[in-house]
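This is start_37.cif. It holds mmCIF, C-alpha atoms.
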```cif
data_protein
loop_
_atom_site.group_PDB
_atom_site.id
_atom_site.type_symbol
_atom_site.label_atom_id
_atom_site.label_comp_id
_atom_site.auth_asym_id
_atom_site.auth_seq_id
_atom_site.Cartn_x
_atom_site.Cartn_y
_atom_site.Cartn_z
ATOM 1 C CA MET A 141 15.432 12.800 15.893
ATOM 2 C CA ASP A 142 11.826 13.036 16.956
ATOM 3 C CA SER A 143 10.342 11.822 20.196
ATOM 4 C CA ILE A 144 7.866 9.466 18.509
ATOM 5 C CA MET A 145 10.657 7.221 17.295
ATOM 6 C CA HIS A 146 13.176 7.921 20.041
ATOM 7 C CA PRO A 147 12.499 7.870 23.763
ATOM 8 C CA TYR A 148 12.666 11.197 25.561
ATOM 9 C CA ILE A 149 14.621 10.905 28.813
ATOM 10 C CA PRO A 150 14.966 13.950 31.052
ATOM 11 C CA ILE A 151 17.987 14.131 33.323
ATOM 12 C CA VAL A 152 16.482 15.757 36.406
ATOM 13 C CA LEU A 153 18.771 17.710 38.724
ATOM 14 C CA GLY A 154 17.008 17.343 42.060
ATOM 15 C CA THR A 155 18.347 20.234 44.110
ATOM 16 C CA ALA A 156 18.083 24.003 44.044
ATOM 17 C CA ARG A 157 20.731 24.624 46.694
ATOM 18 C CA LYS A 158 23.168 27.446 46.025
ATOM 19 C CA GLY A 159 26.621 26.045 45.224
ATOM 20 C CA ARG A 160 25.229 22.582 44.477
ATOM 21 C CA GLN A 161 27.952 20.167 43.421
ATOM 22 C CA SER A 162 25.531 17.665 41.908
ATOM 23 C CA GLU A 163 24.968 20.144 39.080
ATOM 24 C CA HIS A 164 28.412 19.168 37.759
ATOM 25 C CA VAL A 165 27.413 15.508 37.762
ATOM 26 C CA ALA A 166 24.116 16.186 35.973
ATOM 27 C CA GLN A 167 25.887 18.316 33.365
ATOM 28 C CA TYR A 168 28.516 15.605 32.844
ATOM 29 C CA ILE A 169 25.783 12.993 32.324
ATOM 30 C CA TYR A 170 23.968 15.230 29.865
ATOM 31 C CA ASN A 171 27.179 15.962 27.933
ATOM 32 C CA THR A 172 27.934 12.240 27.820
ATOM 33 C CA LEU A 173 24.482 11.354 26.470
ATOM 34 C CA LYS A 174 23.413 14.319 24.337
ATOM 35 C CA ASN A 175 24.702 12.754 21.105
ATOM 36 C CA ASN A 176 23.235 9.317 21.834
ATOM 37 C CA LYS A 177 21.360 8.092 18.746
ATOM 38 C CA GLU A 178 18.901 5.928 20.701
ATOM 39 C CA ALA A 179 17.185 8.622 22.779
ATOM 40 C CA ILE A 180 16.636 12.339 23.253
ATOM 41 C CA PHE A 181 18.032 13.764 26.485
ATOM 42 C CA GLU A 182 17.328 17.062 28.206
ATOM 43 C CA LEU A 183 18.799 18.483 31.383
ATOM 44 C CA VAL A 184 15.913 19.526 33.643
ATOM 45 C CA ASP A 185 16.725 21.715 36.642
ATOM 46 C CA VAL A 186 14.348 21.597 39.609
ATOM 47 C CA ARG A 187 14.977 25.340 40.067
ATOM 48 C CA ASN A 188 13.050 26.091 36.897
ATOM 49 C CA TYR A 189 9.915 24.234 37.982
ATOM 50 C CA LEU A 190 9.391 25.439 41.536
ATOM 51 C CA VAL A 191 8.182 28.990 41.351
ATOM 52 C CA GLU A 192 5.873 28.676 44.329
ATOM 53 C CA SER A 193 6.829 27.754 47.886
ATOM 54 C CA ARG A 194 4.053 25.217 48.335
ATOM 55 C CA THR A 195 3.358 21.744 47.093
ATOM 56 C CA ILE A 196 0.992 21.698 44.132
ATOM 57 C CA PRO A 197 -0.976 18.439 44.314
ATOM 58 C CA PRO A 198 -1.412 16.434 41.111
ATOM 59 C CA TRP A 199 -5.192 16.875 41.110
ATOM 60 C CA GLU A 200 -4.948 20.677 41.148
ATOM 61 C CA ASN A 201 -5.247 22.310 37.737
ATOM 62 C CA SER A 202 -2.198 24.567 37.811
ATOM 63 C CA ASN A 203 -0.396 26.614 35.197
ATOM 64 C CA ILE A 204 2.620 26.550 37.495
ATOM 65 C CA ALA A 205 2.811 22.733 37.454
ATOM 66 C CA LYS A 206 2.007 22.429 33.739
ATOM 67 C CA PRO A 207 5.612 22.644 32.443
ATOM 68 C CA TRP A 208 6.673 19.745 34.699
ATOM 69 C CA ARG A 209 3.565 17.759 33.856
ATOM 70 C CA ASP A 210 4.291 18.280 30.148
ATOM 71 C CA ILE A 211 7.794 16.870 30.636
ATOM 72 C CA VAL A 212 6.360 13.865 32.461
ATOM 73 C CA ALA A 213 3.747 13.291 29.744
ATOM 74 C CA LYS A 214 6.297 13.155 26.932
ATOM 75 C CA SER A 215 8.986 11.262 28.852
ATOM 76 C CA SER A 216 9.738 7.601 28.315
ATOM 77 C CA ALA A 217 12.055 7.248 31.310
ATOM 78 C CA PHE A 218 13.922 9.399 33.829
ATOM 79 C CA ILE A 219 17.422 9.880 35.171
ATOM 80 C CA PHE A 220 17.299 11.485 38.617
ATOM 81 C CA VAL A 221 20.540 13.120 39.811
ATOM 82 C CA VAL A 222 19.911 13.703 43.490
ATOM 83 C CA PRO A 223 22.313 14.693 46.265
ATOM 84 C CA GLU A 224 22.269 13.275 49.760
ATOM 85 C CA TYR A 225 21.527 15.966 52.329
ATOM 86 C CA ASN A 226 21.595 14.657 55.906
ATOM 87 C CA ARG A 227 20.865 11.124 54.663
ATOM 88 C CA GLY A 228 17.770 12.263 52.796
ATOM 89 C CA TYR A 229 16.841 13.890 49.518
ATOM 90 C CA PRO A 230 16.096 17.585 48.998
ATOM 91 C CA GLY A 231 12.586 18.785 49.759
ATOM 92 C CA GLU A 232 12.424 20.701 46.491
ATOM 93 C CA PHE A 233 12.871 17.435 44.602
ATOM 94 C CA LYS A 234 9.907 15.941 46.469
ATOM 95 C CA MET A 235 7.852 19.073 45.790
ATOM 96 C CA LEU A 236 8.588 18.674 42.085
ATOM 97 C CA LEU A 237 7.628 14.996 42.077
ATOM 98 C CA ASP A 238 4.414 15.728 43.983
ATOM 99 C CA GLN A 239 3.117 17.896 41.130
ATOM 100 C CA GLU A 240 2.255 14.741 39.166
ATOM 101 C CA PHE A 241 1.354 11.149 39.953
ATOM 102 C CA LYS A 242 -0.463 9.135 37.280
ATOM 103 C CA GLY A 243 2.021 10.187 34.606
ATOM 104 C CA TYR A 244 4.846 8.332 36.361
ATOM 105 C CA ASN A 245 3.116 4.961 36.130
ATOM 106 C CA LYS A 246 5.464 2.256 34.830
ATOM 107 C CA LYS A 247 8.097 4.695 33.591
ATOM 108 C CA PRO A 248 11.636 3.412 34.100
ATOM 109 C CA ALA A 249 13.928 5.491 36.288
ATOM 110 C CA LEU A 250 17.595 5.536 37.202
ATOM 111 C CA ILE A 251 18.818 7.114 40.424
ATOM 112 C CA VAL A 252 22.220 8.791 40.353
ATOM 113 C CA SER A 253 22.997 9.584 43.973
ATOM 114 C CA VAL A 254 25.621 12.181 44.807
ATOM 115 C CA SER A 255 27.379 12.968 48.065
ATOM 116 C CA SER A 256 30.468 14.551 49.517
ATOM 117 C CA GLY A 257 31.056 11.413 51.576
ATOM 118 C CA GLY A 258 32.570 8.128 50.554
ATOM 119 C CA PHE A 259 29.360 6.147 50.057
ATOM 120 C CA GLY A 260 27.924 8.181 47.209
ATOM 121 C CA GLY A 261 24.515 8.965 48.640
ATOM 122 C CA VAL A 262 23.312 5.418 49.282
ATOM 123 C CA ARG A 263 21.375 6.512 52.382
ATOM 124 C CA MET A 264 19.483 9.069 50.313
ATOM 125 C CA ALA A 265 18.705 6.411 47.715
ATOM 126 C CA GLU A 266 17.370 4.136 50.468
ATOM 127 C CA HIS A 267 14.832 6.854 51.312
ATOM 128 C CA LEU A 268 14.023 7.761 47.719
ATOM 129 C CA ILE A 269 13.452 4.248 46.352
ATOM 130 C CA PRO A 270 10.190 3.516 48.242
ATOM 131 C CA THR A 271 8.802 6.938 47.305
ATOM 132 C CA LEU A 272 9.538 6.440 43.610
ATOM 133 C CA ARG A 273 8.108 2.917 43.676
ATOM 134 C CA TYR A 274 4.937 4.152 45.348
ATOM 135 C CA MET A 275 4.609 6.780 42.628
ATOM 136 C CA GLY A 276 4.687 4.025 40.016
ATOM 137 C CA PHE A 277 8.224 4.280 38.672
ATOM 138 C CA HIS A 278 9.957 1.105 37.546
ATOM 139 C CA LEU A 279 13.420 1.500 39.006
ATOM 140 C CA LEU A 280 16.450 -0.131 37.505
ATOM 141 C CA SER A 281 17.905 -2.825 39.718
ATOM 142 C CA GLN A 282 21.107 -0.823 40.145
ATOM 143 C CA ASP A 283 21.795 2.826 40.837
ATOM 144 C CA ILE A 284 24.870 4.917 40.154
ATOM 145 C CA GLN A 285 26.667 6.450 43.112
ATOM 146 C CA VAL A 286 28.993 9.433 42.867
ATOM 147 C CA PRO A 287 30.963 9.656 46.119
ATOM 148 C CA LYS A 288 33.270 12.512 47.088
ATOM 149 C CA VAL A 289 31.663 14.845 44.563
ATOM 150 C CA GLU A 290 34.157 17.640 45.252
ATOM 151 C CA GLU A 291 36.899 15.341 43.927
ATOM 152 C CA PHE A 292 34.767 14.450 40.895
ATOM 153 C CA VAL A 293 34.329 18.143 40.074
ATOM 154 C CA LYS A 294 38.119 18.640 40.043
ATOM 155 C CA MET A 295 38.799 15.626 37.789
ATOM 156 C CA SER A 296 39.884 15.981 34.193
ATOM 157 C CA MET A 297 37.393 14.901 31.543
ATOM 158 C CA GLU A 298 39.445 11.752 30.982
ATOM 159 C CA GLU A 299 39.261 10.875 34.685
ATOM 160 C CA LYS A 300 35.515 11.547 34.750
ATOM 161 C CA ASP A 301 35.070 9.301 31.722
ATOM 162 C CA GLN A 302 37.057 6.532 33.431
ATOM 163 C CA THR A 303 34.940 6.923 36.557
ATOM 164 C CA LEU A 304 31.426 7.236 35.136
ATOM 165 C CA LYS A 305 31.036 7.053 31.362
ATOM 166 C CA GLU A 306 30.749 3.277 30.976
ATOM 167 C CA LYS A 307 28.348 3.001 33.936
ATOM 168 C CA ILE A 308 26.126 5.736 32.545
ATOM 169 C CA GLU A 309 26.014 4.279 29.046
ATOM 170 C CA LYS A 310 25.264 0.794 30.399
ATOM 171 C CA MET A 311 22.456 2.043 32.638
ATOM 172 C CA VAL A 312 20.942 4.157 29.858
ATOM 173 C CA ASP A 313 20.888 1.084 27.629
ATOM 174 C CA ALA A 314 19.031 -0.687 30.456
ATOM 175 C CA LEU A 315 16.583 2.250 30.755
ATOM 176 C CA ILE A 316 15.816 2.133 27.041
ATOM 177 C CA GLU A 317 15.457 -1.648 27.114
ATOM 178 C CA LYS A 318 13.126 -1.472 30.139
ATOM 179 C CA LYS A 319 11.080 1.227 28.387
ATOM 180 C CA ASN A 320 10.593 -1.165 25.479
ATOM 181 C CA ASP A 321 9.410 -4.044 27.724
#
```
Is it possible to give me this structure as structure tokens?
Amino acid sequence: MDSIMHPYIPIVLGTARKGRQSEHVAQYIYNTLKNNKEAIFELVDVRNYLVESRTIPPWENSNIAKPWRDIVAKSSAFIFVVPEYNRGYPGEFKMLLDQEFKGYNKKPALIVSVSSGGFGGVRMAEHLIPTLRYMGFHLLSQDIQVPKVEEFVKMSMEEKDQTLKEKIEKMVDALIEKKND
């Protein structure tokens, strides 16, 4: 598959916290989608794109920000797997997003919110949605919530599939369709 014919959709893990449980969710999503014939998926870890402890603005010519900007330039859409920390999203995720701006314009995005609580990170998503819209993303009308992530991590693959697989596949179809609009 080449990216000219097939959309490239990075699955962005939006936390660098040690012991992060959302990593399991992002990996599950990637494993579910990696053989999809309609798009090319890559798991992108925020840890690998934040080598400096300052925000690099989009107008600054930076070799440090270039790898992220290259991902944005070739992407057709995004899947953001972001945990809820104290009802917000991680600062490192915002620092990553702030490295680019114009490249996000009109690109579809899906939020997968993750939390240890029973509501699946909806408060985080409430904070993230206006930021992503301001940056130009076209968000899907629905998000995916993964509540009680510690329980999800302990599930068998069959249980994980019953919990998330159909939702993920449906939302990815919507991402690809929105990309083609």
Mind running segment 144-200 of chain A against segment 295-310 of chain A at 10 Å and telling me each contacting residue's nearest atom pair with the distance in Å (one decimal), counting all atoms listed in the file, chain and number ascending, as CSV?
```
residue,atom,partner,partner_atom,distance
A:Val165,CA,A:Lys300,CA,9.5
A:Tyr168,CA,A:Lys300,CA,8.3
A:Ile169,CA,A:Ile308,CA,7.3
A:Thr172,CA,A:Lys305,CA,7.0
A:Leu173,CA,A:Glu309,CA,7.7
A:Asn176,CA,A:Glu309,CA,9.2
```
Please produce an output containing C-alpha atoms for each residue in the selection, written as a PDB file, in the frame of the given file.
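Final file, part-v3.pdb:
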```pdb
ATOM      1  CA  VAL A 165      27.413  15.508  37.762  1.00  0.00           C
ATOM      2  CA  TYR A 168      28.516  15.605  32.844  1.00  0.00           C
ATOM      3  CA  ILE A 169      25.783  12.993  32.324  1.00  0.00           C
ATOM      4  CA  THR A 172      27.934  12.240  27.820  1.00  0.00           C
ATOM      5  CA  LEU A 173      24.482  11.354  26.470  1.00  0.00           C
ATOM      6  CA  ASN A 176      23.235   9.317  21.834  1.00  0.00           C
TER       7      ASN A 176
END
```
Problem set entry | Picked residues, the PyMOL selection byres ((chain A and resi 227) around 6), expected as a ChimeraX atom specification | /A:224-226,228,263-264
Contacts of segment 283-294 of chain A within 9 Å, all atoms listed in the file, excl. fewer than 6 positions in-chain, as an mmCIF file with C-alpha atoms, keeping the file's coordinate frame:
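Written out: around.cif:
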```cif
data_model
loop_
_atom_site.group_PDB
_atom_site.id
_atom_site.type_symbol
_atom_site.label_atom_id
_atom_site.label_comp_id
_atom_site.auth_asym_id
_atom_site.auth_seq_id
_atom_site.Cartn_x
_atom_site.Cartn_y
_atom_site.Cartn_z
ATOM 1 C CA GLN A 161 27.952 20.167 43.421
ATOM 2 C CA SER A 162 25.531 17.665 41.908
ATOM 3 C CA HIS A 164 28.412 19.168 37.759
ATOM 4 C CA VAL A 165 27.413 15.508 37.762
ATOM 5 C CA LEU A 250 17.595 5.536 37.202
ATOM 6 C CA ILE A 251 18.818 7.114 40.424
ATOM 7 C CA VAL A 252 22.220 8.791 40.353
ATOM 8 C CA SER A 253 22.997 9.584 43.973
ATOM 9 C CA VAL A 254 25.621 12.181 44.807
ATOM 10 C CA SER A 255 27.379 12.968 48.065
ATOM 11 C CA SER A 256 30.468 14.551 49.517
ATOM 12 C CA GLY A 257 31.056 11.413 51.576
ATOM 13 C CA GLY A 258 32.570 8.128 50.554
ATOM 14 C CA PHE A 259 29.360 6.147 50.057
ATOM 15 C CA GLY A 260 27.924 8.181 47.209
ATOM 16 C CA GLY A 261 24.515 8.965 48.640
ATOM 17 C CA VAL A 262 23.312 5.418 49.282
ATOM 18 C CA ALA A 265 18.705 6.411 47.715
ATOM 19 C CA LYS A 300 35.515 11.547 34.750
ATOM 20 C CA THR A 303 34.940 6.923 36.557
ATOM 21 C CA LEU A 304 31.426 7.236 35.136
ATOM 22 C CA LYS A 307 28.348 3.001 33.936
ATOM 23 C CA ILE A 308 26.126 5.736 32.545
ATOM 24 C CA MET A 311 22.456 2.043 32.638
#
```
**OP:** Can you pull out every residue within 8 Å of Ser215 of chain A, counting only C-alpha atoms, but drop anything in the same chain fewer than 6 positions away, and send it as a count of residues only?
**Re:** 4
Taken to one decimal, the atom CA of Phe277 of chain A-atom CA of Val212 of chain A distance is 11.6 Å
Report the distance between atom CA of Val191 of chain A and atom CA of Tyr229 of chain A in Å, rounded to one decimal place.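 Interatomic distance, atom CA of Val191 of chain A to atom CA of Tyr229 of chain A: 19.2 Å.
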Inset, instruction - Figure out the distance between atom CA of Phe233 of chain A and atom CA of Thr155 of chain A, please, to one decimal in Å. - result: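 Rounded to one decimal, the two atoms are 6.2 Å apart.
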Would you write out, as a list of chain:residue names, every residue that the PyMOL selection byres ((chain A and resi 196-210) around 7) captures in this file?
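That selection, the PyMOL selection byres ((chain A and resi 196-210) around 7), comes back as A:Tyr189, A:Arg194, A:Thr195, A:Ile211, A:Val212, A:Ala213, A:Lys214, A:Asp238, A:Gln239, A:Glu240, A:Phe241.
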Expansion of the PyMOL selection byres ((chain A and resi 184) around 7) into residues, as an MDAnalysis selection string
chainID A and resid 150:153 182:183 185:186
task: Kindly indicate which residue among A:Val221, A:Ala166, A:Leu315, A:Ala179 lies nearest to Lys246 of chain A, using all atoms listed in the file for the distances.
output: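 Going through A:Val221, A:Ala166, A:Leu315, A:Ala179 one by one, the smallest distance to Lys246 of chain A is for A:Leu315.
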- Query: Which of these, A:Lys174, A:Gln167, A:Ala156, A:Tyr274, has the shortest distance to Asn188 of chain A once you count only C-alpha atoms?
  - Reply: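 Result for the nearest residue to Asn188 of chain A: A:Ala156.
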To test the calculation: enclose all listed atoms of segment 206-212 of chain A in a box whose edges run along x, y and z, add 6 Å on each side, then state centre and edge lengths in Å to one decimal, as AutoDock Vina command-line options.
```
--center_x 4.9 --center_y 18.3 --center_z 32.4 --size_x 17.8 --size_y 20.8 --size_z 16.6
```
What's the 10 Å shell around Gly276 of chain A, counting only C-alpha atoms, without same-chain residues fewer than 5 positions away, as a ChimeraX atom specification?
-> /A:241-248,270-271
N, CA and C atoms for segment 147-158 of chain A, written as a PDB file, keeping the file's coordinate frame, could you do that?
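Result went into part.pdb, see below:
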```pdb
ATOM      1  N   PRO A 147      12.973   7.521  22.427  1.00  0.00           N
ATOM      2  CA  PRO A 147      12.499   7.870  23.763  1.00  0.00           C
ATOM      3  C   PRO A 147      13.078   9.205  24.234  1.00  0.00           C
ATOM      4  N   TYR A 148      12.253   9.939  24.950  1.00  0.00           N
ATOM      5  CA  TYR A 148      12.666  11.197  25.561  1.00  0.00           C
ATOM      6  C   TYR A 148      12.960  10.910  27.026  1.00  0.00           C
ATOM      7  N   ILE A 149      14.189  11.210  27.450  1.00  0.00           N
ATOM      8  CA  ILE A 149      14.621  10.905  28.813  1.00  0.00           C
ATOM      9  C   ILE A 149      15.189  12.167  29.459  1.00  0.00           C
ATOM     10  N   PRO A 150      14.424  12.794  30.344  1.00  0.00           N
ATOM     11  CA  PRO A 150      14.966  13.950  31.052  1.00  0.00           C
ATOM     12  C   PRO A 150      15.955  13.521  32.137  1.00  0.00           C
ATOM     13  N   ILE A 151      17.005  14.291  32.248  1.00  0.00           N
ATOM     14  CA  ILE A 151      17.987  14.131  33.323  1.00  0.00           C
ATOM     15  C   ILE A 151      17.635  15.210  34.339  1.00  0.00           C
ATOM     16  N   VAL A 152      17.046  14.806  35.445  1.00  0.00           N
ATOM     17  CA  VAL A 152      16.482  15.757  36.406  1.00  0.00           C
ATOM     18  C   VAL A 152      17.482  16.024  37.527  1.00  0.00           C
ATOM     19  N   LEU A 153      17.912  17.275  37.629  1.00  0.00           N
ATOM     20  CA  LEU A 153      18.771  17.710  38.724  1.00  0.00           C
ATOM     21  C   LEU A 153      17.873  18.051  39.901  1.00  0.00           C
ATOM     22  N   GLY A 154      17.973  17.282  40.976  1.00  0.00           N
ATOM     23  CA  GLY A 154      17.008  17.343  42.060  1.00  0.00           C
ATOM     24  C   GLY A 154      17.350  18.225  43.234  1.00  0.00           C
ATOM     25  N   THR A 155      18.072  19.299  43.026  1.00  0.00           N
ATOM     26  CA  THR A 155      18.347  20.234  44.110  1.00  0.00           C
ATOM     27  C   THR A 155      18.418  21.654  43.573  1.00  0.00           C
ATOM     28  N   ALA A 156      18.006  22.586  44.404  1.00  0.00           N
ATOM     29  CA  ALA A 156      18.083  24.003  44.044  1.00  0.00           C
ATOM     30  C   ALA A 156      19.079  24.744  44.936  1.00  0.00           C
ATOM     31  N   ARG A 157      19.816  24.011  45.732  1.00  0.00           N
ATOM     32  CA  ARG A 157      20.731  24.624  46.694  1.00  0.00           C
ATOM     33  C   ARG A 157      21.795  25.464  45.980  1.00  0.00           C
ATOM     34  N   LYS A 158      22.100  26.599  46.552  1.00  0.00           N
ATOM     35  CA  LYS A 158      23.168  27.446  46.025  1.00  0.00           C
ATOM     36  C   LYS A 158      24.501  26.711  46.200  1.00  0.00           C
TER      37      LYS A 158
END
```
